[in-house]
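Engineer: First, the structure itself, so that you have it in front of you.
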Amino acid sequence: AQSVTQLDSQVPVFEEAPVELRCNYSSSVSVYLFWYVQYPNQGLQLLLKYLSGSTLVESINGFEAEFNKSQTSFHLRKPSVHISDTAEYFCAVSDAYSSASKIIFGSGTRLSIRP
Amino acid sequence: DSGVTQTPKHLITATGQRVTLRCSPRSGDLSVYWYQQSLDQGLQFLIQYYNGEERAKGNILERFSAQQFPDLHSELNLSSLELGDSALYFCASSAPTGDGHTGELFFGEGSRLTVL
């Protein structure tokens with residue numbers, strides 16, 4: 001069975017500082033990996049995803065994540081955060097080629113940005 | 001705006017009661033998923049419907065049921081409510097694909113249920 005672990009429930013950082021949100025997964029088969037973001041009082045929205053190909057994937061707002069198969073990780077990074085990045089971030093995993101109903105979400109990491 | 005509409009946004013009710021949550025998926029999406037988000041359990045998958053048929057079941061209690069109608073909107077029915085059912089209930093939809101999926105779920109803003 002798959003699982004996903006987000007090691008940090010909360011990450012406070014100062015504005016313009018770099019940030020890394022950690023995500024580790026376990027699976028015995030090929031996986032798809034995702035980061036979703038939930039802004040206050042909103043639903044989740046897809047930030048970026050790894051399905052195949054390049055192990056480094058990027059979002060339109062400066063986040064990137066790298067699929068590391070040997071370490072079973074998919075950490076999310078941004079070199080310089082903004083106040084608008086304040087949100088909860090969810091890492092998720094599913095078997096490659098399975099149904100989207102099999103996407104397993106992590107417990108979330110709340111990113112708070114201090115001015 | 002994800003294109004997924006959920007009503008009501010907030011609902012307060014008493015233990016033992018029954019409520020219905022409604023979801024309209026994005027135009028063209030055939031799949032609807034229901035999730036429960038609570039502080040202690042995180043985001044839990046409840047059930048999926050595809051074009052009117054139940055496709056997958058997750059951690060859904062027997063007191064809960066759902067259906068998807070011919071116009072593709074879906075309803076989640078929660079009955080004999082308990083204090084622990086207080087949570088944010090999300091609906092999501094996804095675009096039809098061939099084999100497997102692309103992983104992109106489009107979430108509504110959720111229905112916050114408070115059971116007193």
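Letters A, B, ... mark the chains of the structure tokens in the order given; residue numbers begin at 1 per chain; ligand numbers begin at 1, in order shown.
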Using the chain letters and numbers from this document, which residues of stretch 34-96 of chain B does DSSP assign to strand (DSSP E), as a PyMOL selection string?
Structural biologist: chain B and resi 34-38+42-50+53-57+64-68+74-78+87-94
Engineer: Show which residues sit within 7 Å of B:Leu72, as a PyMOL selection string. Count only C-alpha atoms, and ignore same-chain residues fewer than 4 positions away.
Structural biologist: chain B and resi 30+51-52+68
Engineer: May I have the residues within 12 Å of stretch 60-72 of chain A as a PyMOL selection string, using only C-alpha atoms and disregarding those fewer than 3 positions away in the same chain?
Structural biologist: chain A and resi 2-5+18-37+46-57+75-82+84-85+89+91+93
Engineer: Only residues of chain A matter here; which ones have an atom within 8 Å of chain B, counting only C-alpha atoms? Give them as a PyMOL selection string.
Structural biologist: chain A and resi 32+34+41-46+49+51+96-101+103+105-108
Engineer: Name the residues in contact with stretch 15-18 of chain B at a cut-off of 9 Å, using only C-alpha atoms, excluding same-chain residues fewer than 5 positions from it; report them as a VMD selection string.
Structural biologist: chain B and resid 77 to 83 115 to 116
Engineer: Output C-alpha atoms for every residue in the selection just made, as an mmCIF file, in the first residue's frame.
Structural biologist:
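File written: out33.cif
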```cif
data_model
loop_
_atom_site.group_PDB
_atom_site.id
_atom_site.type_symbol
_atom_site.label_atom_id
_atom_site.label_comp_id
_atom_site.auth_asym_id
_atom_site.auth_seq_id
_atom_site.Cartn_x
_atom_site.Cartn_y
_atom_site.Cartn_z
ATOM 1 C CA ASN B 77 -25.979 12.492 2.108
ATOM 2 C CA LEU B 78 -24.864 12.349 5.724
ATOM 3 C CA SER B 79 -27.296 10.859 8.226
ATOM 4 C CA SER B 80 -27.465 10.161 11.965
ATOM 5 C CA LEU B 81 -24.863 12.859 12.355
ATOM 6 C CA GLU B 82 -22.359 12.694 15.177
ATOM 7 C CA LEU B 83 -20.093 15.363 16.630
ATOM 8 C CA VAL B 115 -22.550 19.248 14.208
ATOM 9 C CA LEU B 116 -23.578 20.518 17.638
#
```
Engineer: Counting only C-alpha atoms, what is within 7 Å of stretch 8-11 of chain A, bar same-chain residues fewer than 4 positions away, as a list in words?
Structural biologist: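 Returned residues: Gly108, Thr109, Arg110, Leu111 and Ser112 of chain A.
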